[in-house]
Each structure stands twice: as C-alpha cells, then as structure tokens.
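Asks: Before anything else, here's the structure in question.
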Amino acid sequence: TTLAGKLAKWLKGQGHSPLLVAADLQRPNAVTQLQVNGQRAGVPVFAPHPGVQSEFEAATGDPVAVARDGVAEARARLHDVVIVDTAGRLGVDAEMMQQAADIRAAVNPDEVLFVIDAMIGQDAVNTAQAFDEGVNFTGVVLSKLDGDARGGAALSVASVTGKPVMFASTGESLDDFEIFHPDRMANRILDMGDILTLIEQAEKSWDKDEAARMAKKFVDQEDFTLEDFLAQMQQIRNMGSMKKLLMMMPGAAGMRQQLENFDEREIDRVEAIVRSMTPHERLAPKIINGSRRARIARGSGVHVSEVNALLERFGQAQKMMKKLAQGGGIPGMPGMAGPGGFNGARKGKQAPKGKKKARSGNPAKAAQELAAAEARRASAAKSPPTGAAFGAGEQELDPSALNLPKGFEKFLGR
C-alpha cells in the first residue's frame with residue numbers, strides 16, 4: 001500500500017495523472033492508509049468501500065468489483081494511469097491467489113508488479129515462483145532496501161523468473177522510490193557505493209540559481225561565509241536523510257555502525273547555532289568573541305563548546321575553499337599541492353635546466369676532454385644532413401644554388 005503511494009507520486013512527477021484504487025479490503029485500515037498516502041502524494045483515491053477497520057472484523061466487499069469500477073472511474077475522469085492496490089498474500093493461499101488472478105482478468109493491466117521484501121533473503125525465490133505461476137506478474141519491486149539487506153535476492157528472483165526488477169523502495173518516505181538500475185545495485189552489493197543515484201538526487205533537489213551563485217562566488221574568489229554555509233546545509237537537507245546519502249558512498253558498509261549512530265538532529269543544532277547569529281556575524285565570523293559566543297549558545301540552546309567547535313570547523317572549511325578558489329588544490333592531496341598545476345609545481349617557476357658539465361681541474365684530462373669535444377663537432381659537421389624535411393628527402397643541396405651570404409657555407413659544414 002505504501003509503495004502504491006510512492007509509485008503514484010513518482011508518476012505524477014513524470015507528468016502523468018494517476019488514480020489510486022483501494023482494492024485491499026482484507027487488511028485492517030488498508031483503505032485509510034492508501035487515502036492518507038494519496039493525500040500526501042497529491043493523487044486522488046477511488047475507495048467506494050471502507051474495508052476492514054479492525055482485526056476482529058471479517059473481510060467484506062468484492063476487490064474484483066472495486067478494481068473494475070476503479071478503471072471505469074479513471075476513464076470517466078480522464079486519468080492516464082490506474083494503480084490498483086491489492087491485498088498481500090502468501091503463495092500457499094490458493095483462494096487469495098485466485099482472487100489476484102480474477103483482478104488481473106477484470107482490469108487487464110499493462111503491468112503487474114510483484115512487491116517483495118528485500119530482507120527475506122533467498123526465500124524470495126520460492127515466493128516469486130509461486131506468484132509467477134498464480135498471477136504471471138510482469139515486473140518486480142524491491143522494498144526495504146534501506147535496511148541491512150543489500151538486495152542480493154534481486155539477482156535470484158530475476159534469474160529464476162526471468163522478470164525484470166523495475167523499481168526499488170529505499171525508505172519510509174514517499175520520495176524514497178527510484179528506478180532499479182542493475183549496475184548500481186551490483187555496486188551496492190559489492191559495497192562500491194551508488195554515486196550516480198546520489199548525483200541524480202542532487203540534480204533533482206538542488207537549487208540551480210543557488211548553485212550558480214555559489215559558482216560565481218567561487219570564481220570571483222569571494223569569502224565563504226556562514227550565510228553560504230547555511231544555504232548549502234538547506235540544499236543538502238532537501239536531498240533527504242543524511243544517513244541515506246552517506247550510505248551511497250563507496251565503503252559505507254564498513255562504517256555502518258558509525259552511520260547508524262549518526263544523529264540527524266545534529267544538522268538541526270548546527271542550523272540553530274547559525275540562525276542565532278546576527279547577519280553581520282554570519283558575514284564576518286572573526287568578530288564573534290566570548291560574549292557573542294555565549295549569547296549564540298543561549299539563543300540556540302547548546303553549550304558554548306558546540307559553538308566553538310562549529311566556528312573552528314567553519315574556519316578550516318573557509319581556508320580550504322579559499323585555497324581551492326586560488327587554484328591551490330586540496331591540502332594533503334597528492335598531485336594537487338601547488339596553485340600552478342600538479343606535483344607541487346608552483347606558478348611562474350620552471351623546472352631547473354640541466355647544468356653544463358664542469359670541466360676537469362686536471363690540465364691533461366681537460367685537454368683530452370676538449371679534444372674529444374672538438375672531434376665530435378667536426379664529425380657532426382662533416383656528416384650530411386638527413387631527413388625529409390618539407391619534402392627535401394635525403395638529397396644533398398648545393399649552397400651556391402641558394403644564393404646565401406658570403407661565408408654562410410661554414411654553417412652548412414662546407
């Protein structure tokens with residue numbers, strides 16, 4: 001039911017006009033849950049029957065009739081996509097499997113999505129086979145990928161059934177829903193991260209005007225202020241949970257314990273500290289003395305030590321941003337040490353040229369070296385020039401034919 005709401009919101013974001021149909025009349029409050037999800041997603045819900053309100057009530061209503069009427073209602077309201085939410089069932093429940101087959105026959109859907117828990121492991125294979133035989137689904141959706149499971153069951157389900165994994169649910173929020181990419185899932189399983197999904201989330205939620213403003217400020221080598229820091233924090237918060245973002249980084253599985261202990265409220269405390277500052281203090285943090293820090297701590301409800309720690313970290317970030325803006329590279333990164341390029345080469349400095357070989361202090365040896373050098377020069381002068389420069393080939397040229405100045409022949413070895 002939650003995934004039906006996620007799919008509806010995703011389709012609406014793609015420019016469609018979906019309608020949710022509440023055909024889960026067995027589970028208590030399933031209809032109410034779908035209505036709440038539809039309201040949060042901004043998608044209308046067709047729910048002619050309230051369904052079961054408590055676990056002590058018997059199931060009433062006909063899910064097949066509700067699904068059929070829902071499709072007719074969608075056609076009347078000119079919706080282009082209908083999502084029929086059906087009740088969960090086990091592969092051994094023959095009656096419920098028959099009901100699913102009847103719903104499929106009644107609405108003739110384009111897609112039948114089999115929603116499977118990514119945490120059930122290899123038992124997913126048996127469940128998928130049972131549903132494929134009973135309903136003949138067309139695609140798989142993996143849910144609960146935000147847990148400890150890495151989604152290895154997806155490989156088995158896709159291999160055994162031959163049906164593609166189409167979507168993945170990565171959290172409890174309606175926005176935690178994405179298209180399934182096999183290569184990215186393989187990277188997650190191998191703990192190589194999922195940078196492409198991280199980039200897509202950033203592109204979807206990042207304010208382009210704010211990004212352009214920061215880029216211009218970076219090019220103009222202006223100071224990175226606490227106002228900019230606050231704006232960047234708000235941009236990151238728009239991308240979703242920090243834990244999820246960090247888990248997309250390569251090697252995150254090895255830090256799972258630290259990430260699980262990460263307190264999302266830490267970002268709220270940092271934002272409260274910055275918002276407790278005056279506009280002038282955000283632009284010029286150096287003026288924040290002891291009394292100002294005490295006032296900021298009282299205003300944000302934290303200890304002065306937390307304000308000190310934030311200002312210290314911000315100072316380090318400000319220095320790094322300034323060094324990057326000047327072309328100095330990232331401190332501590334090999335090959336990025338100097339502003340002029342790689343390997344520590346400084347701007348305006350050239351590599352030292354090779355020094356001329358010193359002549360020996362022994363007169364006899366020096367005379368011998370000088371004679372050898374003269375012999376090499378004489379040998380080079382006598383040898384004819386080789387090569388085919390400008391089509392001349394190896395043909396020997398007559399200097400007299402070139403009309404050269406008098407005495408120029410000596411430069412040609414003549």
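Residues are named by chain letter and number: chains run A, B, ... in the order of the structure tokens, numbers start at 1 in each chain, and ligands are numbered from 1 in the order shown.
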Write out as an mmCIF file with N, CA, C and O atoms, in the first residue's frame each polymer residue whose atoms come within 10 Å of Arg68 (chain A), counting only C-alpha atoms; drop sequence neighbours fewer than 3 positions from it.
Replies:
data_model
loop_
_atom_site.group_PDB
_atom_site.id
_atom_site.type_symbol
_atom_site.label_atom_id
_atom_site.label_comp_id
_atom_site.auth_asym_id
_atom_site.auth_seq_id
_atom_site.Cartn_x
_atom_site.Cartn_y
_atom_site.Cartn_z
ATOM 1 N N VAL A 21 -6.561 3.056 -6.671
ATOM 2 C CA VAL A 21 -7.781 2.290 -6.417
ATOM 3 C C VAL A 21 -7.543 1.400 -5.202
ATOM 4 O O VAL A 21 -6.622 0.575 -5.203
ATOM 5 N N ALA A 23 -8.219 -1.534 -3.457
ATOM 6 C CA ALA A 23 -8.821 -2.867 -3.589
ATOM 7 C C ALA A 23 -8.328 -3.822 -2.514
ATOM 8 O O ALA A 23 -8.599 -5.030 -2.597
ATOM 9 N N PRO A 63 -13.128 -7.179 -3.930
ATOM 10 C CA PRO A 63 -11.987 -6.455 -4.506
ATOM 11 C C PRO A 63 -11.995 -6.449 -6.028
ATOM 12 O O PRO A 63 -11.543 -5.478 -6.647
ATOM 13 N N VAL A 64 -12.537 -7.519 -6.641
ATOM 14 C CA VAL A 64 -12.569 -7.585 -8.101
ATOM 15 C C VAL A 64 -13.481 -6.495 -8.652
ATOM 16 O O VAL A 64 -13.142 -5.797 -9.628
ATOM 17 N N ALA A 65 -14.653 -6.316 -8.026
ATOM 18 C CA ALA A 65 -15.598 -5.285 -8.469
ATOM 19 C C ALA A 65 -15.026 -3.895 -8.251
ATOM 20 O O ALA A 65 -15.193 -2.991 -9.091
ATOM 21 N N VAL A 71 -11.155 1.319 -12.669
ATOM 22 C CA VAL A 71 -10.692 1.580 -14.032
ATOM 23 C C VAL A 71 -11.734 2.388 -14.805
ATOM 24 O O VAL A 71 -11.403 3.319 -15.558
ATOM 25 N N ALA A 72 -13.028 2.046 -14.609
ATOM 26 C CA ALA A 72 -14.096 2.805 -15.275
ATOM 27 C C ALA A 72 -14.109 4.249 -14.783
ATOM 28 O O ALA A 72 -14.309 5.189 -15.573
ATOM 29 N N GLU A 73 -13.911 4.455 -13.482
ATOM 30 C CA GLU A 73 -13.862 5.805 -12.923
ATOM 31 C C GLU A 73 -12.685 6.589 -13.497
ATOM 32 O O GLU A 73 -12.801 7.786 -13.784
ATOM 33 N N VAL A 84 -3.890 -0.137 -8.990
ATOM 34 C CA VAL A 84 -4.808 -0.924 -8.165
ATOM 35 C C VAL A 84 -4.008 -1.542 -7.024
ATOM 36 O O VAL A 84 -3.134 -2.381 -7.248
ATOM 37 N N ILE A 103 -8.675 -10.428 -10.403
ATOM 38 C CA ILE A 103 -8.500 -8.977 -10.545
ATOM 39 C C ILE A 103 -7.745 -8.676 -11.835
ATOM 40 O O ILE A 103 -8.094 -7.750 -12.579
ATOM 41 N N ARG A 104 -6.733 -9.486 -12.118
ATOM 42 C CA ARG A 104 -5.975 -9.270 -13.352
ATOM 43 C C ARG A 104 -6.866 -9.463 -14.576
ATOM 44 O O ARG A 104 -6.805 -8.689 -15.539
ATOM 45 N N ALA A 105 -7.691 -10.477 -14.542
ATOM 46 C CA ALA A 105 -8.573 -10.728 -15.682
ATOM 47 C C ALA A 105 -9.615 -9.627 -15.842
ATOM 48 O O ALA A 105 -10.034 -9.304 -16.959
ATOM 49 N N ALA A 106 -10.028 -9.015 -14.713
ATOM 50 C CA ALA A 106 -11.078 -7.999 -14.765
ATOM 51 C C ALA A 106 -10.573 -6.665 -15.313
ATOM 52 O O ALA A 106 -11.303 -5.971 -16.039
ATOM 53 N N VAL A 107 -9.332 -6.286 -14.983
ATOM 54 C CA VAL A 107 -8.847 -4.951 -15.371
ATOM 55 C C VAL A 107 -7.863 -5.002 -16.540
ATOM 56 O O VAL A 107 -7.557 -3.952 -17.120
ATOM 57 N N ASN A 108 -7.357 -6.207 -16.874
ATOM 58 C CA ASN A 108 -6.409 -6.365 -17.986
ATOM 59 C C ASN A 108 -5.279 -5.331 -17.893
ATOM 60 O O ASN A 108 -5.134 -4.462 -18.762
#
Asks: Return the single residue from A:Gln368, A:Ser305, A:Phe224, A:Arg292 that is closest to Met320 (chain A), with distances computed using only C-alpha atoms.
Replies: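 Smallest distance to Met320 (chain A) is found for A:Phe224.
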Asks: Mind checking which residues fall within 12 Å of region 154-168 of chain A, counting only C-alpha atoms, ignoring those fewer than 3 positions away in the same chain, and posting them as a compact mmCIF listing (two decimals) with N, CA, C and O atoms, in the first residue's frame?
Replies:
# COMPACT_ATOMS: atom_id res chain seq x y z
N LEU A 3 3.88 1.42 -1.14
CA LEU A 3 4.55 1.51 -2.43
C LEU A 3 3.62 2.00 -3.53
O LEU A 3 4.05 2.65 -4.47
N ALA A 4 2.34 1.71 -3.39
CA ALA A 4 1.38 2.24 -4.36
C ALA A 4 1.37 3.76 -4.31
O ALA A 4 1.32 4.43 -5.36
N LYS A 6 3.92 5.62 -3.31
CA LYS A 6 5.21 6.08 -3.85
C LYS A 6 5.19 6.07 -5.37
O LYS A 6 5.65 7.02 -6.02
N LEU A 7 4.65 5.00 -5.94
CA LEU A 7 4.57 4.90 -7.40
C LEU A 7 3.69 6.00 -7.97
O LEU A 7 4.01 6.60 -9.01
N TRP A 10 5.62 9.27 -7.89
CA TRP A 10 6.67 9.26 -8.90
C TRP A 10 6.08 9.49 -10.30
O TRP A 10 6.63 10.26 -11.10
N GLU A 111 0.81 -3.67 -16.58
CA GLU A 111 1.90 -4.18 -15.73
C GLU A 111 1.32 -4.77 -14.44
O GLU A 111 0.36 -4.23 -13.89
N VAL A 112 1.89 -5.88 -14.00
CA VAL A 112 1.55 -6.49 -12.71
C VAL A 112 2.85 -6.53 -11.91
O VAL A 112 3.78 -7.27 -12.25
N LEU A 113 2.93 -5.70 -10.87
CA LEU A 113 4.16 -5.57 -10.09
C LEU A 113 4.11 -6.44 -8.85
O LEU A 113 3.17 -6.36 -8.05
N PHE A 114 5.13 -7.25 -8.69
CA PHE A 114 5.27 -8.12 -7.53
C PHE A 114 6.19 -7.43 -6.54
O PHE A 114 7.39 -7.28 -6.78
N VAL A 115 5.64 -6.99 -5.41
CA VAL A 115 6.40 -6.27 -4.39
C VAL A 115 6.97 -7.28 -3.41
O VAL A 115 6.23 -8.03 -2.78
N ILE A 116 8.29 -7.28 -3.29
CA ILE A 116 8.95 -8.27 -2.45
C ILE A 116 9.87 -7.58 -1.45
O ILE A 116 10.50 -6.57 -1.76
N ASP A 117 9.91 -8.12 -0.25
CA ASP A 117 10.75 -7.59 0.81
C ASP A 117 12.20 -8.01 0.55
O ASP A 117 12.50 -9.20 0.43
N ALA A 118 13.09 -7.04 0.45
CA ALA A 118 14.49 -7.35 0.17
C ALA A 118 15.19 -8.05 1.32
O ALA A 118 16.28 -8.60 1.15
N MET A 119 14.55 -8.08 2.50
CA MET A 119 15.21 -8.65 3.68
C MET A 119 14.87 -10.12 3.90
O MET A 119 15.39 -10.74 4.83
N ILE A 120 14.00 -10.72 3.07
CA ILE A 120 13.62 -12.11 3.32
C ILE A 120 14.65 -13.09 2.75
O ILE A 120 14.53 -14.29 2.95
N GLY A 121 15.65 -12.58 2.04
CA GLY A 121 16.73 -13.44 1.58
C GLY A 121 16.31 -14.34 0.43
O GLY A 121 15.46 -14.00 -0.39
N GLN A 122 16.91 -15.54 0.40
CA GLN A 122 16.70 -16.43 -0.72
C GLN A 122 15.32 -17.09 -0.73
O GLN A 122 14.95 -17.73 -1.71
N ASP A 123 14.55 -16.92 0.35
CA ASP A 123 13.18 -17.41 0.33
C ASP A 123 12.35 -16.63 -0.68
O ASP A 123 11.26 -17.07 -1.07
N ALA A 124 12.87 -15.50 -1.11
CA ALA A 124 12.17 -14.71 -2.12
C ALA A 124 12.02 -15.48 -3.42
O ALA A 124 11.06 -15.26 -4.18
N VAL A 125 12.92 -16.41 -3.69
CA VAL A 125 12.85 -17.18 -4.92
C VAL A 125 11.59 -18.05 -4.95
O VAL A 125 10.84 -18.07 -5.94
N ASN A 126 11.33 -18.76 -3.84
CA ASN A 126 10.14 -19.61 -3.77
C ASN A 126 8.87 -18.77 -3.87
O ASN A 126 7.91 -19.14 -4.56
N THR A 127 8.86 -17.64 -3.17
CA THR A 127 7.68 -16.77 -3.21
C THR A 127 7.46 -16.24 -4.61
O THR A 127 6.32 -16.19 -5.11
N ALA A 128 8.53 -15.81 -5.27
CA ALA A 128 8.40 -15.26 -6.62
C ALA A 128 7.90 -16.33 -7.60
O ALA A 128 7.06 -16.03 -8.47
N GLN A 129 8.37 -17.56 -7.46
CA GLN A 129 7.92 -18.63 -8.35
C GLN A 129 6.43 -18.90 -8.18
O GLN A 129 5.69 -19.08 -9.15
N ALA A 130 5.97 -18.89 -6.90
CA ALA A 130 4.55 -19.13 -6.62
C ALA A 130 3.69 -18.03 -7.24
O ALA A 130 2.64 -18.31 -7.84
N PHE A 131 4.12 -16.78 -7.11
CA PHE A 131 3.33 -15.67 -7.66
C PHE A 131 3.39 -15.66 -9.19
O PHE A 131 2.41 -15.28 -9.85
N ASP A 132 4.49 -16.05 -9.75
CA ASP A 132 4.61 -16.07 -11.20
C ASP A 132 3.66 -17.11 -11.80
O ASP A 132 3.03 -16.88 -12.84
N GLU A 133 3.56 -18.24 -11.12
CA GLU A 133 2.64 -19.29 -11.59
C GLU A 133 1.18 -18.90 -11.38
O GLU A 133 0.32 -19.22 -12.20
N ASN A 136 1.27 -14.50 -12.83
CA ASN A 136 2.08 -14.16 -14.00
C ASN A 136 2.39 -12.67 -14.02
O ASN A 136 1.97 -11.92 -14.91
N PHE A 137 3.16 -12.24 -13.02
CA PHE A 137 3.50 -10.82 -12.92
C PHE A 137 4.51 -10.45 -14.01
O PHE A 137 5.19 -11.31 -14.60
N THR A 138 4.62 -9.15 -14.28
CA THR A 138 5.50 -8.66 -15.36
C THR A 138 6.75 -7.97 -14.83
O THR A 138 7.69 -7.76 -15.59
N GLY A 139 6.77 -7.60 -13.56
CA GLY A 139 7.93 -6.91 -13.01
C GLY A 139 8.00 -7.05 -11.51
O GLY A 139 7.01 -7.38 -10.85
N VAL A 140 9.18 -6.80 -10.96
CA VAL A 140 9.42 -6.94 -9.53
C VAL A 140 9.77 -5.56 -8.95
O VAL A 140 10.44 -4.75 -9.61
N VAL A 141 9.31 -5.32 -7.73
CA VAL A 141 9.68 -4.12 -6.98
C VAL A 141 10.30 -4.55 -5.67
O VAL A 141 9.70 -5.32 -4.91
N LEU A 142 11.49 -4.10 -5.37
CA LEU A 142 12.18 -4.42 -4.12
C LEU A 142 11.89 -3.34 -3.10
O LEU A 142 12.08 -2.15 -3.36
N SER A 143 11.44 -3.76 -1.92
CA SER A 143 11.19 -2.81 -0.84
C SER A 143 12.18 -3.04 0.30
O SER A 143 12.85 -4.07 0.36
N LYS A 144 12.27 -2.07 1.20
CA LYS A 144 13.12 -2.13 2.40
C LYS A 144 14.61 -2.27 2.05
O LYS A 144 15.35 -2.95 2.74
N LEU A 145 15.02 -1.61 0.98
CA LEU A 145 16.43 -1.63 0.63
C LEU A 145 17.26 -0.70 1.52
O LEU A 145 18.47 -0.65 1.37
N ASP A 146 16.59 0.04 2.40
CA ASP A 146 17.32 0.90 3.31
C ASP A 146 17.78 0.15 4.55
O ASP A 146 18.47 0.71 5.40
N ALA A 149 19.87 -5.42 4.44
CA ALA A 149 19.97 -6.21 3.21
C ALA A 149 20.48 -5.35 2.07
O ALA A 149 20.12 -4.18 1.94
N ARG A 150 21.31 -5.94 1.23
CA ARG A 150 21.85 -5.22 0.09
C ARG A 150 21.10 -5.53 -1.20
O ARG A 150 21.47 -5.07 -2.27
N GLY A 151 20.08 -6.35 -1.10
CA GLY A 151 19.28 -6.65 -2.28
C GLY A 151 19.79 -7.80 -3.10
O GLY A 151 19.51 -7.89 -4.30
N GLY A 171 13.19 3.56 1.52
CA GLY A 171 12.91 4.25 2.78
C GLY A 171 11.42 4.33 3.03
O GLY A 171 10.60 3.83 2.25
N GLU A 172 11.06 4.98 4.13
CA GLU A 172 9.65 5.08 4.51
C GLU A 172 8.95 6.26 3.87
O GLU A 172 7.72 6.27 3.75
N LEU A 174 7.57 8.89 1.01
CA LEU A 174 7.03 8.68 -0.33
C LEU A 174 8.05 9.03 -1.42
O LEU A 174 7.91 8.59 -2.56
N ASP A 175 9.06 9.80 -1.07
CA ASP A 175 10.09 10.17 -2.04
C ASP A 175 11.18 9.12 -2.15
O ASP A 175 12.03 9.19 -3.06
N ASP A 176 11.21 8.15 -1.23
CA ASP A 176 12.25 7.11 -1.24
C ASP A 176 11.88 6.01 -2.23
O ASP A 176 11.58 4.87 -1.87
N PHE A 177 11.90 6.36 -3.49
CA PHE A 177 11.45 5.46 -4.55
C PHE A 177 12.25 5.79 -5.80
O PHE A 177 12.42 6.96 -6.16
N GLU A 178 12.79 4.79 -6.46
CA GLU A 178 13.64 5.04 -7.62
C GLU A 178 13.56 3.91 -8.62
O GLU A 178 13.15 2.79 -8.29
N ILE A 179 13.95 4.19 -9.84
CA ILE A 179 14.05 3.15 -10.87
C ILE A 179 15.21 2.23 -10.52
O ILE A 179 16.25 2.67 -10.04
N PHE A 180 15.01 0.95 -10.75
CA PHE A 180 16.05 -0.02 -10.43
C PHE A 180 17.08 -0.06 -11.55
O PHE A 180 16.74 -0.24 -12.72
N HIS A 181 18.34 0.13 -11.18
CA HIS A 181 19.45 0.03 -12.13
C HIS A 181 20.32 -1.15 -11.72
O HIS A 181 20.93 -1.14 -10.64
N PRO A 182 20.42 -2.19 -12.55
CA PRO A 182 21.19 -3.39 -12.17
C PRO A 182 22.64 -3.09 -11.81
O PRO A 182 23.18 -3.64 -10.85
N ASP A 183 23.30 -2.22 -12.60
CA ASP A 183 24.71 -1.95 -12.32
C ASP A 183 24.89 -1.25 -10.98
O ASP A 183 25.84 -1.53 -10.24
N ARG A 184 23.97 -0.36 -10.65
CA ARG A 184 24.08 0.35 -9.37
C ARG A 184 23.80 -0.59 -8.20
O ARG A 184 24.43 -0.50 -7.15
N MET A 185 22.85 -1.51 -8.40
CA MET A 185 22.57 -2.47 -7.33
C MET A 185 23.78 -3.40 -7.14
O MET A 185 24.11 -3.76 -6.01
N ALA A 186 24.44 -3.76 -8.24
CA ALA A 186 25.65 -4.57 -8.11
C ALA A 186 26.72 -3.83 -7.32
O ALA A 186 27.42 -4.42 -6.49
N ILE A 189 25.78 -4.04 -3.67
CA ILE A 189 26.05 -5.37 -3.11
C ILE A 189 27.54 -5.54 -2.84
O ILE A 189 27.94 -6.11 -1.82
N THR A 197 23.20 7.52 -8.45
CA THR A 197 21.92 7.84 -7.81
C THR A 197 22.05 9.08 -6.93
O THR A 197 21.14 9.92 -6.87
Asks: Can you pull out the residues contacting region 306-310 of chain A? Cut-off 7 Å, using only C-alpha atoms, and skip same-chain residues under 5 positions away; I want them as a ChimeraX atom specification.
Replies: /A:273,293,297
Asks: Write a file of the selected residues as a PDB file, in the first residue's frame, keeping N, CA, C and O atoms.
Replies:
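Result file is part-v5.pdb:
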ATOM      1  N   ILE A 273      22.402  27.123  15.602  1.00  0.00           N
ATOM      2  CA  ILE A 273      23.537  27.974  16.006  1.00  0.00           C
ATOM      3  C   ILE A 273      23.738  29.095  14.999  1.00  0.00           C
ATOM      4  O   ILE A 273      23.893  30.274  15.377  1.00  0.00           O
ATOM      5  N   ARG A 293      29.673  34.514  21.650  1.00  0.00           N
ATOM      6  CA  ARG A 293      29.516  33.050  21.612  1.00  0.00           C
ATOM      7  C   ARG A 293      28.565  32.577  22.714  1.00  0.00           C
ATOM      8  O   ARG A 293      27.774  31.659  22.501  1.00  0.00           O
ATOM      9  N   ALA A 297      25.069  30.655  22.042  1.00  0.00           N
ATOM     10  CA  ALA A 297      24.789  29.368  22.686  1.00  0.00           C
ATOM     11  C   ALA A 297      23.448  29.400  23.405  1.00  0.00           C
ATOM     12  O   ALA A 297      22.662  28.442  23.323  1.00  0.00           O
TER      13      ALA A 297
END
Asks: Could you tell me how far CA of Ala272 (chain A) lies from CA of Ala317 (chain A), in Å and to one decimal?
Replies: 19.0 Å
